[in-house]
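The structure file start_20.cif is reproduced below (mmCIF, C-alpha atoms).
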data_model
#
loop_
_atom_site.group_PDB
_atom_site.id
_atom_site.type_symbol
_atom_site.label_atom_id
_atom_site.label_comp_id
_atom_site.auth_asym_id
_atom_site.auth_seq_id
_atom_site.Cartn_x
_atom_site.Cartn_y
_atom_site.Cartn_z
ATOM 1 C CA MET A 1 -112.544 99.668 -37.486
ATOM 2 C CA PRO A 2 -109.628 97.764 -35.884
ATOM 3 C CA ASP A 3 -107.679 95.340 -38.013
ATOM 4 C CA LEU A 4 -107.927 91.876 -36.477
ATOM 5 C CA ASP A 5 -106.020 90.158 -39.270
ATOM 6 C CA PRO A 6 -102.729 90.000 -37.311
ATOM 7 C CA LEU A 7 -104.530 88.139 -34.512
ATOM 8 C CA VAL A 8 -106.228 85.654 -36.847
ATOM 9 C CA PRO A 9 -104.116 85.652 -40.019
ATOM 10 C CA ASP A 10 -105.000 82.098 -41.022
ATOM 11 C CA VAL A 11 -106.472 78.827 -39.795
ATOM 12 C CA PRO A 12 -103.255 77.352 -38.310
ATOM 13 C CA ALA A 13 -102.549 80.548 -36.358
ATOM 14 C CA LEU A 14 -106.075 80.747 -34.948
ATOM 15 C CA ARG A 15 -106.060 77.045 -34.081
ATOM 16 C CA SER A 16 -102.759 77.540 -32.256
ATOM 17 C CA ARG A 17 -104.112 80.539 -30.313
ATOM 18 C CA LEU A 18 -107.302 78.688 -29.387
ATOM 19 C CA ASP A 19 -105.168 75.778 -28.252
ATOM 20 C CA ALA A 20 -103.118 78.157 -26.111
ATOM 21 C CA VAL A 21 -106.235 79.235 -24.207
ATOM 22 C CA GLY A 22 -107.294 75.621 -23.681
ATOM 23 C CA TYR A 23 -109.813 75.133 -26.491
ATOM 24 C CA LEU A 24 -109.137 72.273 -28.899
ATOM 25 C CA ALA A 25 -110.986 72.680 -32.183
ATOM 26 C CA ASP A 26 -110.867 70.955 -35.544
ATOM 27 C CA ASP A 27 -110.043 72.796 -38.748
ATOM 28 C CA ALA A 28 -113.691 73.132 -39.795
ATOM 29 C CA LEU A 29 -114.668 74.994 -36.628
ATOM 30 C CA VAL A 30 -111.506 77.097 -36.643
ATOM 31 C CA THR A 31 -112.228 78.088 -40.247
ATOM 32 C CA ALA A 32 -115.796 79.068 -39.371
ATOM 33 C CA LEU A 33 -114.624 81.239 -36.466
ATOM 34 C CA LEU A 34 -111.920 82.848 -38.593
ATOM 35 C CA LEU A 35 -114.494 83.751 -41.256
ATOM 36 C CA ALA A 36 -116.808 85.255 -38.635
ATOM 37 C CA VAL A 37 -114.006 87.507 -37.405
ATOM 38 C CA ARG A 38 -112.537 88.435 -40.756
ATOM 39 C CA MET A 39 -115.873 88.912 -42.573
ATOM 40 C CA ARG A 40 -117.453 90.762 -39.605
ATOM 41 C CA GLN A 41 -120.470 88.452 -39.886
ATOM 42 C CA PRO A 42 -122.437 86.765 -37.078
ATOM 43 C CA ILE A 43 -122.018 83.007 -36.754
ATOM 44 C CA LEU A 44 -124.577 80.470 -35.576
ATOM 45 C CA LEU A 45 -123.090 77.437 -33.822
ATOM 46 C CA GLU A 46 -125.489 74.526 -33.497
ATOM 47 C CA GLY A 47 -124.945 71.163 -31.864
ATOM 48 C CA GLU A 48 -125.991 68.910 -29.034
ATOM 49 C CA PRO A 49 -125.659 70.292 -25.489
ATOM 50 C CA GLY A 50 -122.171 69.982 -24.080
ATOM 51 C CA VAL A 51 -120.142 69.930 -27.297
ATOM 52 C CA GLY A 52 -118.375 73.238 -26.648
ATOM 53 C CA LYS A 53 -120.442 75.925 -28.382
ATOM 54 C CA THR A 54 -120.370 78.384 -25.492
ATOM 55 C CA GLU A 55 -116.718 77.598 -24.808
ATOM 56 C CA ALA A 56 -115.893 78.439 -28.429
ATOM 57 C CA ALA A 57 -117.140 81.999 -27.887
ATOM 58 C CA ARG A 58 -115.260 82.295 -24.589
ATOM 59 C CA ALA A 59 -112.065 81.050 -26.205
ATOM 60 C CA LEU A 60 -112.463 83.434 -29.146
ATOM 61 C CA ALA A 61 -112.827 86.384 -26.758
ATOM 62 C CA ALA A 62 -109.658 85.262 -24.974
ATOM 63 C CA VAL A 63 -107.771 85.010 -28.275
ATOM 64 C CA LEU A 64 -108.906 88.489 -29.306
ATOM 65 C CA ASP A 65 -108.178 89.804 -25.794
ATOM 66 C CA THR A 66 -111.562 91.484 -25.696
ATOM 67 C CA PRO A 67 -114.602 91.354 -23.379
ATOM 68 C CA LEU A 68 -117.122 88.536 -23.692
ATOM 69 C CA ILE A 69 -120.669 89.914 -23.324
ATOM 70 C CA ARG A 70 -123.144 87.094 -22.803
ATOM 71 C CA LEU A 71 -126.903 87.074 -23.215
ATOM 72 C CA GLN A 72 -128.424 83.851 -21.866
ATOM 73 C CA CYS A 73 -131.707 83.257 -23.674
ATOM 74 C CA TYR A 74 -134.749 81.716 -22.016
ATOM 75 C CA GLU A 75 -138.429 81.229 -22.718
ATOM 76 C CA GLY A 76 -140.267 84.545 -22.506
ATOM 77 C CA LEU A 77 -137.155 86.704 -22.899
ATOM 78 C CA SER A 78 -138.234 90.140 -24.116
ATOM 79 C CA SER A 79 -136.329 92.604 -26.266
ATOM 80 C CA ALA A 80 -136.265 95.150 -23.426
ATOM 81 C CA GLU A 81 -134.706 92.642 -21.018
ATOM 82 C CA ALA A 82 -131.991 91.889 -23.546
ATOM 83 C CA LEU A 83 -131.403 95.467 -24.657
ATOM 84 C CA TYR A 84 -131.813 98.040 -21.875
ATOM 85 C CA GLU A 85 -133.786 99.201 -18.889
ATOM 86 C CA TRP A 86 -134.408 102.598 -17.382
ATOM 87 C CA ASN A 87 -132.943 103.585 -14.028
ATOM 88 C CA TYR A 88 -136.320 104.122 -12.362
ATOM 89 C CA PRO A 89 -135.001 105.024 -8.870
ATOM 90 C CA ARG A 90 -132.821 107.735 -10.388
ATOM 91 C CA GLN A 91 -135.704 109.011 -12.525
ATOM 92 C CA LEU A 92 -137.941 109.158 -9.459
ATOM 93 C CA LEU A 93 -135.276 111.107 -7.587
ATOM 94 C CA ALA A 94 -135.050 113.572 -10.472
ATOM 95 C CA ILE A 95 -138.817 114.035 -10.398
ATOM 96 C CA ARG A 96 -138.806 114.767 -6.669
ATOM 97 C CA LEU A 97 -135.906 117.192 -6.946
ATOM 98 C CA ALA A 98 -137.662 119.046 -9.776
ATOM 99 C CA GLU A 99 -140.889 119.227 -7.730
ATOM 100 C CA SER A 100 -139.035 120.556 -4.674
ATOM 101 C CA ARG A 101 -137.467 123.293 -6.793
ATOM 102 C CA GLY A 102 -140.671 124.078 -8.633
ATOM 103 C CA GLU A 103 -139.007 123.321 -11.947
ATOM 104 C CA PRO A 104 -140.909 121.874 -14.909
ATOM 105 C CA LEU A 105 -139.808 118.389 -15.977
ATOM 106 C CA ARG A 106 -140.659 116.893 -19.341
ATOM 107 C CA ASP A 107 -140.675 113.210 -20.287
ATOM 108 C CA ALA A 108 -137.793 113.961 -22.632
ATOM 109 C CA ASP A 109 -135.737 115.066 -19.635
ATOM 110 C CA LEU A 110 -136.161 111.665 -17.986
ATOM 111 C CA PHE A 111 -135.542 109.405 -20.962
ATOM 112 C CA THR A 112 -131.970 110.260 -21.827
ATOM 113 C CA GLU A 113 -128.666 108.420 -21.943
ATOM 114 C CA ASP A 114 -128.047 109.478 -18.338
ATOM 115 C CA TYR A 115 -130.875 107.245 -17.136
ATOM 116 C CA LEU A 116 -130.204 104.314 -19.429
ATOM 117 C CA LEU A 117 -128.936 100.998 -18.034
ATOM 118 C CA PRO A 118 -127.558 98.860 -20.859
ATOM 119 C CA ARG A 119 -128.288 95.155 -20.942
ATOM 120 C CA PRO A 120 -126.050 92.760 -22.951
ATOM 121 C CA LEU A 121 -127.120 93.704 -26.490
ATOM 122 C CA LEU A 122 -126.796 97.442 -25.956
ATOM 123 C CA ALA A 123 -123.557 96.946 -24.004
ATOM 124 C CA ALA A 124 -122.070 95.164 -27.021
ATOM 125 C CA ILE A 125 -123.218 97.943 -29.358
ATOM 126 C CA ARG A 126 -121.792 100.639 -27.064
ATOM 127 C CA HIS A 127 -118.457 98.884 -26.490
ATOM 128 C CA PRO A 128 -115.865 101.544 -27.366
ATOM 129 C CA GLY A 129 -113.147 99.238 -28.660
ATOM 130 C CA PRO A 130 -110.523 99.434 -29.917
ATOM 131 C CA ARG A 131 -111.208 95.741 -30.478
ATOM 132 C CA PRO A 132 -114.781 94.509 -30.888
ATOM 133 C CA ALA A 133 -116.433 92.737 -28.002
ATOM 134 C CA VAL A 134 -117.493 89.132 -28.520
ATOM 135 C CA LEU A 135 -121.280 89.063 -28.113
ATOM 136 C CA LEU A 136 -122.524 85.601 -27.155
ATOM 137 C CA ILE A 137 -126.269 85.072 -27.648
ATOM 138 C CA ASP A 138 -126.470 81.722 -25.910
ATOM 139 C CA GLU A 139 -129.163 79.112 -26.593
ATOM 140 C CA VAL A 140 -131.189 81.343 -28.890
ATOM 141 C CA ASP A 141 -133.498 78.389 -29.578
ATOM 142 C CA ARG A 142 -134.862 78.760 -26.031
ATOM 143 C CA ALA A 143 -136.282 82.206 -26.873
ATOM 144 C CA ASP A 144 -139.351 82.634 -29.069
ATOM 145 C CA GLY A 145 -139.880 83.706 -32.674
ATOM 146 C CA GLU A 146 -140.683 87.281 -31.683
ATOM 147 C CA PHE A 147 -137.288 87.655 -30.062
ATOM 148 C CA GLU A 148 -135.631 86.172 -33.154
ATOM 149 C CA ALA A 149 -137.313 88.865 -35.252
ATOM 150 C CA PHE A 150 -136.027 91.529 -32.870
ATOM 151 C CA LEU A 151 -132.462 90.254 -33.374
ATOM 152 C CA LEU A 152 -132.534 90.754 -37.146
ATOM 153 C CA GLU A 153 -131.595 94.451 -37.011
ATOM 154 C CA LEU A 154 -128.673 93.700 -34.722
ATOM 155 C CA LEU A 155 -127.412 90.841 -36.882
ATOM 156 C CA ALA A 156 -127.755 92.695 -40.166
ATOM 157 C CA ASP A 157 -126.645 96.221 -39.233
ATOM 158 C CA ALA A 158 -124.955 95.993 -35.818
ATOM 159 C CA ALA A 159 -127.654 98.395 -34.658
ATOM 160 C CA VAL A 160 -130.526 98.461 -32.168
ATOM 161 C CA THR A 161 -133.501 100.755 -31.797
ATOM 162 C CA ILE A 162 -134.554 102.297 -28.482
ATOM 163 C CA PRO A 163 -138.041 103.801 -28.885
ATOM 164 C CA GLU A 164 -137.308 106.833 -26.705
ATOM 165 C CA LEU A 165 -133.870 107.561 -28.208
ATOM 166 C CA GLY A 166 -133.861 106.165 -31.738
ATOM 167 C CA THR A 167 -131.397 103.853 -33.455
ATOM 168 C CA ARG A 168 -127.954 103.225 -32.014
ATOM 169 C CA THR A 169 -125.321 101.824 -34.379
ATOM 170 C CA ALA A 170 -122.090 100.241 -33.192
ATOM 171 C CA VAL A 171 -118.902 102.207 -33.814
ATOM 172 C CA VAL A 172 -117.003 98.936 -33.379
ATOM 173 C CA PRO A 173 -119.428 96.128 -34.380
ATOM 174 C CA PRO A 174 -119.196 93.101 -32.088
ATOM 175 C CA VAL A 175 -118.127 89.643 -33.152
ATOM 176 C CA THR A 176 -121.497 87.950 -32.644
ATOM 177 C CA VAL A 177 -121.762 84.245 -31.817
ATOM 178 C CA LEU A 178 -125.184 82.635 -31.496
ATOM 179 C CA THR A 179 -125.572 79.124 -30.128
ATOM 180 C CA SER A 180 -128.461 76.702 -30.450
ATOM 181 C CA ASN A 181 -129.111 73.215 -29.089
ATOM 182 C CA ARG A 182 -131.653 72.787 -31.874
ATOM 183 C CA THR A 183 -134.569 72.221 -29.543
ATOM 184 C CA ARG A 184 -136.604 73.963 -32.249
ATOM 185 C CA ASP A 185 -135.979 75.207 -35.769
ATOM 186 C CA LEU A 186 -134.808 78.796 -36.087
ATOM 187 C CA HIS A 187 -136.322 81.118 -38.677
ATOM 188 C CA ASP A 188 -134.687 81.300 -42.093
ATOM 189 C CA ALA A 189 -134.385 85.089 -41.776
ATOM 190 C CA LEU A 190 -132.078 84.686 -38.788
ATOM 191 C CA LYS A 191 -130.023 81.951 -40.432
ATOM 192 C CA ARG A 192 -129.548 83.992 -43.607
ATOM 193 C CA ARG A 193 -127.832 86.723 -41.619
ATOM 194 C CA CYS A 194 -125.322 84.316 -40.095
ATOM 195 C CA LEU A 195 -122.529 82.035 -41.042
ATOM 196 C CA TYR A 196 -123.356 78.517 -39.882
ATOM 197 C CA HIS A 197 -121.432 75.663 -38.312
ATOM 198 C CA TRP A 198 -122.598 72.408 -36.762
ATOM 199 C CA ILE A 199 -120.397 71.190 -33.899
ATOM 200 C CA ASP A 200 -120.547 67.421 -33.642
ATOM 201 C CA TYR A 201 -119.381 65.257 -30.773
ATOM 202 C CA PRO A 202 -115.574 64.999 -31.000
ATOM 203 C CA ASP A 203 -113.985 61.593 -31.352
ATOM 204 C CA THR A 204 -112.654 59.715 -28.341
ATOM 205 C CA ALA A 205 -109.061 60.863 -28.770
ATOM 206 C CA ARG A 206 -110.082 64.522 -28.901
ATOM 207 C CA VAL A 207 -112.352 64.145 -25.865
ATOM 208 C CA ALA A 208 -109.430 62.638 -23.948
ATOM 209 C CA ALA A 209 -107.209 65.530 -25.004
ATOM 210 C CA ILE A 210 -109.854 68.046 -23.924
ATOM 211 C CA ILE A 211 -110.155 66.353 -20.535
ATOM 212 C CA ARG A 212 -106.394 66.601 -20.042
ATOM 213 C CA ARG A 213 -106.596 70.342 -20.794
ATOM 214 C CA ARG A 214 -109.573 71.044 -18.537
ATOM 215 C CA VAL A 215 -108.570 68.644 -15.745
ATOM 216 C CA PRO A 216 -104.779 68.911 -16.051
ATOM 217 C CA GLU A 217 -104.153 66.974 -12.855
ATOM 218 C CA SER A 218 -105.916 63.896 -14.260
ATOM 219 C CA ALA A 219 -103.771 61.030 -15.497
ATOM 220 C CA GLU A 220 -103.708 60.086 -19.159
ATOM 221 C CA TRP A 221 -105.243 56.684 -18.461
ATOM 222 C CA LEU A 222 -108.172 58.336 -16.657
ATOM 223 C CA ALA A 223 -108.858 60.795 -19.484
ATOM 224 C CA THR A 224 -108.794 57.970 -22.035
ATOM 225 C CA ARG A 225 -111.113 55.685 -20.075
ATOM 226 C CA VAL A 226 -113.583 58.467 -19.340
ATOM 227 C CA ALA A 227 -113.644 59.410 -23.033
ATOM 228 C CA ARG A 228 -114.361 55.782 -23.953
ATOM 229 C CA GLY A 229 -117.034 55.484 -21.283
ATOM 230 C CA VAL A 230 -118.822 58.619 -22.468
ATOM 231 C CA ALA A 231 -118.724 57.354 -26.060
ATOM 232 C CA ARG A 232 -120.348 54.099 -24.923
ATOM 233 C CA LEU A 233 -123.030 56.009 -23.061
ATOM 234 C CA ARG A 234 -123.795 58.099 -26.131
ATOM 235 C CA ALA A 235 -124.213 54.910 -28.151
ATOM 236 C CA ARG A 236 -127.134 53.904 -25.957
ATOM 237 C CA GLN A 237 -130.258 55.005 -27.778
ATOM 238 C CA GLU A 238 -132.512 54.897 -24.716
ATOM 239 C CA LEU A 239 -130.882 57.856 -22.956
ATOM 240 C CA THR A 240 -132.913 61.055 -22.606
ATOM 241 C CA LYS A 241 -129.762 63.214 -22.538
ATOM 242 C CA PRO A 242 -126.587 61.630 -23.916
ATOM 243 C CA PRO A 243 -123.491 63.079 -22.234
ATOM 244 C CA GLY A 244 -121.332 65.614 -24.032
ATOM 245 C CA VAL A 245 -117.824 66.907 -23.541
ATOM 246 C CA ALA A 246 -118.845 68.987 -20.530
ATOM 247 C CA GLU A 247 -120.099 65.864 -18.746
ATOM 248 C CA ALA A 248 -116.905 63.999 -19.638
ATOM 249 C CA ILE A 249 -114.896 66.772 -17.968
ATOM 250 C CA ASP A 250 -117.127 66.630 -14.874
ATOM 251 C CA TRP A 251 -116.794 62.846 -14.669
ATOM 252 C CA ALA A 252 -113.014 62.953 -14.913
ATOM 253 C CA GLY A 253 -112.917 65.664 -12.258
ATOM 254 C CA ALA A 254 -115.106 63.605 -9.916
ATOM 255 C CA LEU A 255 -113.010 60.458 -10.356
ATOM 256 C CA HIS A 256 -109.791 62.372 -9.796
ATOM 257 C CA THR A 257 -111.181 64.129 -6.730
ATOM 258 C CA LEU A 258 -112.016 60.771 -5.177
ATOM 259 C CA GLY A 259 -108.496 59.535 -5.886
ATOM 260 C CA LEU A 260 -109.719 56.473 -7.800
ATOM 261 C CA ARG A 261 -107.017 54.423 -9.499
ATOM 262 C CA VAL A 262 -109.343 52.393 -11.686
ATOM 263 C CA LEU A 263 -112.537 53.076 -13.609
ATOM 264 C CA ASP A 264 -114.482 49.918 -12.848
ATOM 265 C CA ALA A 265 -118.185 49.261 -12.373
ATOM 266 C CA ASP A 266 -118.135 50.360 -8.716
ATOM 267 C CA ALA A 267 -116.306 53.609 -9.482
ATOM 268 C CA ALA A 268 -118.698 54.338 -12.338
ATOM 269 C CA ASP A 269 -121.738 53.636 -10.161
ATOM 270 C CA HIS A 270 -120.527 55.977 -7.410
ATOM 271 C CA THR A 271 -119.874 58.865 -9.826
ATOM 272 C CA LEU A 272 -122.538 58.323 -12.477
ATOM 273 C CA GLY A 273 -124.377 61.460 -11.386
ATOM 274 C CA ALA A 274 -121.492 63.538 -12.757
ATOM 275 C CA VAL A 275 -122.117 62.311 -16.286
ATOM 276 C CA LEU A 276 -125.860 61.548 -16.439
ATOM 277 C CA LYS A 277 -128.354 64.174 -15.291
ATOM 278 C CA TYR A 278 -131.730 62.402 -15.567
ATOM 279 C CA ALA A 279 -133.010 59.824 -13.078
ATOM 280 C CA GLU A 280 -134.405 57.746 -15.933
ATOM 281 C CA ASP A 281 -130.987 57.621 -17.599
ATOM 282 C CA LEU A 282 -129.291 56.573 -14.356
ATOM 283 C CA GLN A 283 -131.823 53.799 -13.879
ATOM 284 C CA ALA A 284 -131.545 52.608 -17.487
ATOM 285 C CA VAL A 285 -127.744 52.395 -17.374
ATOM 286 C CA ARG A 286 -127.722 50.628 -14.012
ATOM 287 C CA ARG A 287 -130.344 48.140 -15.178
ATOM 288 C CA ALA A 288 -128.283 47.348 -18.252
ATOM 289 C CA GLY A 289 -125.183 46.887 -16.098
ATOM 290 C CA LEU A 290 -122.037 48.981 -15.848
ATOM 291 C CA ALA A 291 -119.440 46.344 -16.723
ATOM 292 C CA GLU A 292 -119.598 47.090 -20.455
ATOM 293 C CA LEU A 293 -119.342 50.820 -19.798
ATOM 294 C CA VAL A 294 -115.838 50.818 -18.349
ATOM 295 C CA ASP A 295 -112.322 49.501 -18.796
ATOM 296 C CA ALA A 296 -111.512 47.748 -15.568
ATOM 297 C CA GLU A 297 -107.759 47.395 -15.841
ATOM 298 C CA PRO A 298 -105.803 49.473 -13.306
ATOM 299 C CA GLY A 299 -104.640 52.893 -14.398
ATOM 300 C CA SER A 300 -101.107 54.148 -14.573
ATOM 301 C CA ASP A 301 -99.701 57.629 -14.444
ATOM 302 C CA ALA A 302 -96.888 56.612 -16.751
#
Encoded form (structure tokens):
Amino acid sequence: MPDLDPLVPDVPALRSRLDAVGYLADDALVTALLLAVRMRQPILLEGEPGVGKTEAARALAAVLDTPLIRLQCYEGLSSAEALYEWNYPRQLLAIRLAESRGEPLRDADLFTEDYLLPRPLLAAIRHPGPRPAVLLIDEVDRADGEFEAFLLELLADAAVTIPELGTRTAVVPPVTVLTSNRTRDLHDALKRRCLYHWIDYPDTARVAAIIRRRVPESAEWLATRVARGVARLRARQELTKPPGVAEAIDWAGALHTLGLRVLDADAADHTLGAVLKYAEDLQAVRRAGLAELVDAEPGSDA
């Protein structure tokens, strides 16, 4: 198994490397990611949508210089869809060739590695290394309890079972990151197999710093005012979906694209769809008035 210690020797080094790939994280999150890598244990990242859970996995893959293999979960996702599928056109061609030659063909001849098409979970298990892939199981709370149960073998043993072929165990176990928006409670059996970290909304200063990294052409004044505006929106209890960091980045990008030199009520009204994604939220904020949402003094690039 490859030694990843030189890449993530300690918290300051990992924080610096994450920073270098554009991901700003606090010490608690950096420590959790370091433990996941060094202990070879899956990690469950929970938090509100838009706080950077998926980006944490992407950044970790960039730091490790290894592929990111992503499984996007959804309601009704089956184990077969996440694990593998058979190459039916190729199997059918093999059947026809065997019939044309008068050769016998058994089921065992059709269900072999040659006809197997790996989906994300099997692709992560089969990754040859030398460094482990980062396996991102995104929004696992959107899948159902049956799929959670299916994941237990993978999380505990870095192995999966294919009925026709048996159990396949990873030669180089992946670094597994699960994310959840906590739309439902996950089973204790899944949580016990993972390290756990809750990612909270970052403070205003960190949001502004993240905006400057993700929208580097934006001025400092714009990043700061957008960060403040998003914080004020989140403070409004009536919103169906409070904005996260991702929405703050989108809002700053929209304002910069329009060349606006001030974040006033008019500018906010014209671009509010970049930061709020529900009609009810747009209506509620507009009814309450936008003046308190923004800082109206002119911006400066200085």
(message) Measuring between only C-alpha atoms, which one of A:Ala20, A:Ile125, A:Leu195, A:Leu135 shows the shortest distance to Gln41 (chain A)?
(response)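 When distances to Gln41 (chain A) are compared using only C-alpha atoms, the smallest one comes from A:Leu195.
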(request) Tell me which of A:Leu92, A:Leu178, A:Ile249, A:Leu222 sits closest to Leu71 (chain A), counting all atoms listed in the file. (result)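 Comparing A:Leu92, A:Leu178, A:Ile249, A:Leu222 against Leu71 (chain A), the winner is A:Leu178.
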(message) Going by the chain IDs and residue numbers used in this file, which residues fall under the PyMOL selection byres ((chain A and resi 218) around 10)? Write them as a list of chain:residue names.
(response)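 Evaluating the PyMOL selection byres ((chain A and resi 218) around 10) on these coordinates yields A:Ile211, A:Arg212, A:Arg213, A:Arg214, A:Val215, A:Pro216, A:Glu217, A:Ala219, A:Glu220, A:Trp221, A:Leu222, A:Ala223, A:Ala252, A:Gly253, A:Leu255, A:His256, A:Thr257, A:Gly259, A:Asp301.
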(message) If we count only C-alpha atoms and set the cut-off at 7 Å, which residues sit around region 9-14 of chain A, ignoring sequence neighbours fewer than 6 positions away in its own chain? Please answer as a list in words.
(response) Val30, Thr31 and Leu34 of chain A
(request) Could you check which of A:Ala149, A:Cys194, A:Ile199, A:Leu7 is closest to Ala25 (chain A), using all atoms listed in the file? (result)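 Looking only at the distances to Ala25 (chain A), the closest residue turns out to be A:Ile199.
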(request) Record the distance separating CA of Phe111 (chain A) and CA of Ala124 (chain A), expressed in Å with one decimal. (result)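 The value is 20.5 Å.
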(request) Mind checking which residues fall within 12 Å of Gly166 (chain A), counting all atoms listed in the file, ignoring those fewer than 5 positions away in the same chain, and posting them as number ranges by chain? (result) A: 111-113, 159-161
Once the PyMOL selection byres ((chain A and resi 238) around 12) is applied to the coordinates I shared, what remains selected? I want it as a compact mmCIF listing (two decimals) with C-alpha atoms, in the frame of the given file.
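Final output, result-v3.txt:
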# COMPACT_ATOMS: atom_id res chain seq x y z
CA LEU A 233 -123.03 56.01 -23.06
CA ARG A 234 -123.80 58.10 -26.13
CA ALA A 235 -124.21 54.91 -28.15
CA ARG A 236 -127.13 53.90 -25.96
CA GLN A 237 -130.26 55.00 -27.78
CA LEU A 239 -130.88 57.86 -22.96
CA THR A 240 -132.91 61.06 -22.61
CA LYS A 241 -129.76 63.21 -22.54
CA PRO A 242 -126.59 61.63 -23.92
CA TYR A 278 -131.73 62.40 -15.57
CA GLU A 280 -134.40 57.75 -15.93
CA ASP A 281 -130.99 57.62 -17.60
CA LEU A 282 -129.29 56.57 -14.36
CA GLN A 283 -131.82 53.80 -13.88
CA ALA A 284 -131.54 52.61 -17.49
CA VAL A 285 -127.74 52.40 -17.37
CA ARG A 287 -130.34 48.14 -15.18
CA ALA A 288 -128.28 47.35 -18.25
(request) Have a look at CA of Gly47 (chain A) and CA of Ala291 (chain A) and let me know their distance in Å, one decimal. (result)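 If I compute the distance from CA of Gly47 (chain A) to CA of Ala291 (chain A), I get 29.6 Å.
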(message) What's the separation between CA of Gln72 (chain A) and CA of Asp138 (chain A), in Å to one decimal place?
(response)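 We find that CA of Gln72 (chain A) and CA of Asp138 (chain A) lie 5.0 Å from each other.
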Go through the shown structure with the PyMOL selection byres ((chain A and resi 17) around 10) and write out the matching residues as a PDB file with C-alpha atoms, keeping the file's coordinate frame.
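Just written: out-v9.pdb:
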ATOM      1  CA  LEU A   7    -104.530  88.139 -34.512  1.00  0.00           C
ATOM      2  CA  VAL A   8    -106.228  85.654 -36.847  1.00  0.00           C
ATOM      3  CA  VAL A  11    -106.472  78.827 -39.795  1.00  0.00           C
ATOM      4  CA  PRO A  12    -103.255  77.352 -38.310  1.00  0.00           C
ATOM      5  CA  ALA A  13    -102.549  80.548 -36.358  1.00  0.00           C
ATOM      6  CA  LEU A  14    -106.075  80.747 -34.948  1.00  0.00           C
ATOM      7  CA  ARG A  15    -106.060  77.045 -34.081  1.00  0.00           C
ATOM      8  CA  SER A  16    -102.759  77.540 -32.256  1.00  0.00           C
ATOM      9  CA  LEU A  18    -107.302  78.688 -29.387  1.00  0.00           C
ATOM     10  CA  ASP A  19    -105.168  75.778 -28.252  1.00  0.00           C
ATOM     11  CA  ALA A  20    -103.118  78.157 -26.111  1.00  0.00           C
ATOM     12  CA  VAL A  21    -106.235  79.235 -24.207  1.00  0.00           C
ATOM     13  CA  GLY A  22    -107.294  75.621 -23.681  1.00  0.00           C
ATOM     14  CA  TYR A  23    -109.813  75.133 -26.491  1.00  0.00           C
ATOM     15  CA  LEU A  24    -109.137  72.273 -28.899  1.00  0.00           C
ATOM     16  CA  ALA A  59    -112.065  81.050 -26.205  1.00  0.00           C
ATOM     17  CA  LEU A  60    -112.463  83.434 -29.146  1.00  0.00           C
ATOM     18  CA  ALA A  62    -109.658  85.262 -24.974  1.00  0.00           C
ATOM     19  CA  VAL A  63    -107.771  85.010 -28.275  1.00  0.00           C
ATOM     20  CA  LEU A  64    -108.906  88.489 -29.306  1.00  0.00           C
TER      21      LEU A  64
END
(request) Give me the residues within 12 Å of Ala189 (chain A) as a list in words, counting only C-alpha atoms and dropping any in the same chain fewer than 5 places off. (result)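 Listed by chain and then number, they are Gly145, Glu148, Ala149, Phe150, Leu151, Leu152, Glu153, Leu155, Ala156 and Cys194 of chain A.
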(request) Show which residues sit within 6 Å of Cys73 (chain A), as an MDAnalysis selection string. Count only C-alpha atoms, and ignore same-chain residues fewer than 2 positions away. (result) chainID A and resid 138:140 142:143
(request) Can you work out which one of A:Ala265, A:Thr176, A:Asp141, A:Ala123 has the shortest atom-to-atom distance to Met39 (chain A), counting only C-alpha atoms? (result)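 Looking at the shortest contact to Met39 (chain A), the residue is A:Thr176.
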(request) Pick out the residues sitting within 10 Å of Leu117 (chain A), and hand them over as a list in words; count only C-alpha atoms, and ignore anything fewer than 4 positions along from it in its own chain. (result)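 What passes the distance filter is Leu83, Tyr84, Glu85, Trp86, Asn87, Tyr88, Glu113, Leu122 and Ala123 of chain A.
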(message) Counting only C-alpha atoms, which residue out of A:Arg90, A:Arg206, A:His197, A:Arg286 sits closest to Ser180 (chain A)?
(response)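 The shortest atom-to-atom distance to Ser180 (chain A) comes from A:His197.
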(request) Using all atoms listed in the file, pick whichever of A:Thr66, A:Pro132, A:Asp250, A:Asp200 has the shortest atom-to-atom distance to Leu29 (chain A). (result)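 Comparing A:Thr66, A:Pro132, A:Asp250, A:Asp200 against Leu29 (chain A), the winner is A:Asp200.
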